[in-house]
Amino acid sequence: MLRKLACALALSATVIAPAAAEELSVSTTVGFESRYLFRGVQFAETSFQPSISLGYGNFYGTAWLNLPIGDDDLVVTPGGEELDLVIGYSAPISEVVSFDVGVTYYTFPDLMSGFFDIYEEDGDGLGANTIEPYVGLAFDIPLSPSVYVYHDFMFDTTTIQGNASYSIPMSEKTSFDLGGYIGYVIDDTGGTDYIYGTASANVSYAISDNGSFYAGVRYGGSDIPGGSVIDDSIAGTTKSSAVWWGLGFSASF
């Protein structure tokens, strides 16, 4: 299964806040994860994950890259490389509610015969890329909850996902950050629907007003029959969930 059949963003499903003023903003993250799961399904083992986001007013765009550096056998797609491009618009509805709408273009360089090579169920079998629009609501209340709906037109899957996060200050520069999401994937073609989720805990240290390091652990998986996390690539066994770790650096300009 490709990413949508398993069915961004991410770290994957990340809420991108609108820029506060009509000026260009830039944020970057350079991350390393010991396992890459997307919506409960393992797509790669150890991976390098850089990203960059641009914002102007209420508009934003993001480019996110997954580069596996672990065992090539522990991937869903050959090589496991993935480039996701996101463009969206986010704006407040009230003092506590904002809406977010956009589209993600998922690409898999090792499977592409061309950058615009879209997956077609009845096509030549060469296309791998998919398009997924989304819409969501975010609430400026404790736990910063949000809910999103995604639909992939190539694989006919609809995903509903809820997110929450909470940060606990530990010192002037250090915080303990908790996050999690749970989602439900509906296969509109009549295939298997499933539930997935991930919880994370990071310690973040600010090295400046605009940059910080983070490191922590994650736990996630799904209720897909037989499991969706690779346990032993040689034996071909899987499991329903896993624990992994990650670290990285984030900065904004």
# chains A, B, ... in the order shown; residues from 1 in each chain; ligands from 1
$ select_by_dssp --residues "segment 44-227 of chain A" --states "strand (DSSP E or B)" --output "PyMOL selection string"
chain A and resi 44+47-56+59-68+82-92+97-107+118+129-139+146-152+157-169+174-187+194-206+211-222
$ residues_around --residues "Ile131 of chain A" --least-positions-apart "2" --cutoff "7 Å" --atoms "only C-alpha atoms" --output "list in words"
Thr104, Tyr105, Tyr106, Pro133, Asp152, Phe153 and Met154 of chain A
$ write_last_selection --atoms "N, CA, C and O atoms" --output "PDB file, in the first residue's frame"
ATOM      1  N   THR A 104      -2.424  18.927  -0.393  1.00  0.00           N
ATOM      2  CA  THR A 104      -1.095  18.337  -0.329  1.00  0.00           C
ATOM      3  C   THR A 104      -0.851  17.488  -1.569  1.00  0.00           C
ATOM      4  O   THR A 104      -1.727  16.714  -1.974  1.00  0.00           O
ATOM      5  N   TYR A 105       0.317  17.639  -2.157  1.00  0.00           N
ATOM      6  CA  TYR A 105       0.729  16.814  -3.296  1.00  0.00           C
ATOM      7  C   TYR A 105       1.831  15.885  -2.800  1.00  0.00           C
ATOM      8  O   TYR A 105       2.933  16.320  -2.465  1.00  0.00           O
ATOM      9  N   TYR A 106       1.525  14.591  -2.679  1.00  0.00           N
ATOM     10  CA  TYR A 106       2.472  13.589  -2.198  1.00  0.00           C
ATOM     11  C   TYR A 106       3.229  13.002  -3.387  1.00  0.00           C
ATOM     12  O   TYR A 106       2.610  12.496  -4.331  1.00  0.00           O
ATOM     13  N   PRO A 133      -6.752  17.188  -0.889  1.00  0.00           N
ATOM     14  CA  PRO A 133      -7.219  18.434  -0.260  1.00  0.00           C
ATOM     15  C   PRO A 133      -7.659  18.175   1.171  1.00  0.00           C
ATOM     16  O   PRO A 133      -7.981  17.038   1.547  1.00  0.00           O
ATOM     17  N   ASP A 152      -8.358  11.842  -0.372  1.00  0.00           N
ATOM     18  CA  ASP A 152      -7.450  11.523  -1.464  1.00  0.00           C
ATOM     19  C   ASP A 152      -8.272  11.038  -2.657  1.00  0.00           C
ATOM     20  O   ASP A 152      -8.946  10.012  -2.572  1.00  0.00           O
ATOM     21  N   PHE A 153      -8.216  11.796  -3.760  1.00  0.00           N
ATOM     22  CA  PHE A 153      -9.009  11.457  -4.929  1.00  0.00           C
ATOM     23  C   PHE A 153      -8.425  10.292  -5.719  1.00  0.00           C
ATOM     24  O   PHE A 153      -9.142   9.624  -6.462  1.00  0.00           O
ATOM     25  N   MET A 154      -7.116  10.034  -5.578  1.00  0.00           N
ATOM     26  CA  MET A 154      -6.506   8.947  -6.322  1.00  0.00           C
ATOM     27  C   MET A 154      -6.876   7.581  -5.734  1.00  0.00           C
ATOM     28  O   MET A 154      -7.188   6.641  -6.449  1.00  0.00           O
TER      29      MET A 154
END
$ residues_around --residues "segment 21-31 of chain A" --least-positions-apart "2" --cutoff "8 Å" --atoms "only C-alpha atoms" --output "VMD selection string"
chain A and resid 19 33 48 to 57 246 to 253
$ closest_atom_pairs --of "segment 32-57 of chain A" --to "segment 176-186 of chain A" --cutoff "12 Å" --atoms "only C-alpha atoms" --output "Markdown table"
| residue | atom | partner | partner_atom | distance |
| --- | --- | --- | --- | --- |
| A:Phe38 | CA | A:Gly183 | CA | 11.1 |
| A:Arg39 | CA | A:Gly183 | CA | 7.5 |
| A:Gly40 | CA | A:Gly183 | CA | 9.1 |
| A:Val41 | CA | A:Val185 | CA | 11.7 |
$ write_last_selection --atoms "C-alpha atoms" --output "JSON list (two decimals), in the first residue's frame"
[["chain", "number", "residue", "atom", "x", "y", "z"],
["A", 38, "PHE", "CA", 2.18, 7.94, 8.50],
["A", 39, "ARG", "CA", -1.34, 7.49, 9.82],
["A", 40, "GLY", "CA", -0.35, 4.39, 11.71],
["A", 41, "VAL", "CA", 1.56, 2.72, 8.87]]
$ residues_around --residues "Asp231 of chain A" --least-positions-apart "5" --cutoff "9 Å" --atoms "only C-alpha atoms" --output "MDAnalysis selection string"
chainID A and resid 74 236:239 242
$ decode --residues "segment 31-57 of chain A" --atoms "C-alpha atoms" --output "compact mmCIF listing (two decimals), in the first residue's frame"
# COMPACT_ATOMS: atom_id res chain seq x y z
CA GLY A 31 14.53 16.40 12.04
CA PHE A 32 15.72 12.84 12.53
CA GLU A 33 13.28 10.03 13.36
CA SER A 34 14.19 6.44 14.18
CA ARG A 35 10.97 5.31 12.48
CA TYR A 36 8.62 7.00 10.01
CA LEU A 37 4.92 6.25 10.46
CA PHE A 38 2.18 7.94 8.50
CA ARG A 39 -1.34 7.49 9.82
CA GLY A 40 -0.35 4.39 11.71
CA VAL A 41 1.56 2.72 8.87
CA GLN A 42 5.36 2.43 8.75
CA PHE A 43 6.81 3.92 5.59
CA ALA A 44 10.48 3.81 6.54
CA GLU A 45 12.85 3.09 9.41
CA THR A 46 15.48 5.67 10.44
CA SER A 47 14.91 8.83 8.39
CA PHE A 48 16.20 12.36 7.91
CA GLN A 49 13.26 14.80 7.62
CA PRO A 50 13.97 18.41 6.62
CA SER A 51 11.18 20.89 5.86
CA ILE A 52 10.64 24.54 5.05
CA SER A 53 7.48 26.65 5.32
CA LEU A 54 6.72 30.07 3.86
CA GLY A 55 3.88 32.30 4.99
CA TYR A 56 2.44 35.54 3.63
CA GLY A 57 -0.63 36.95 5.29
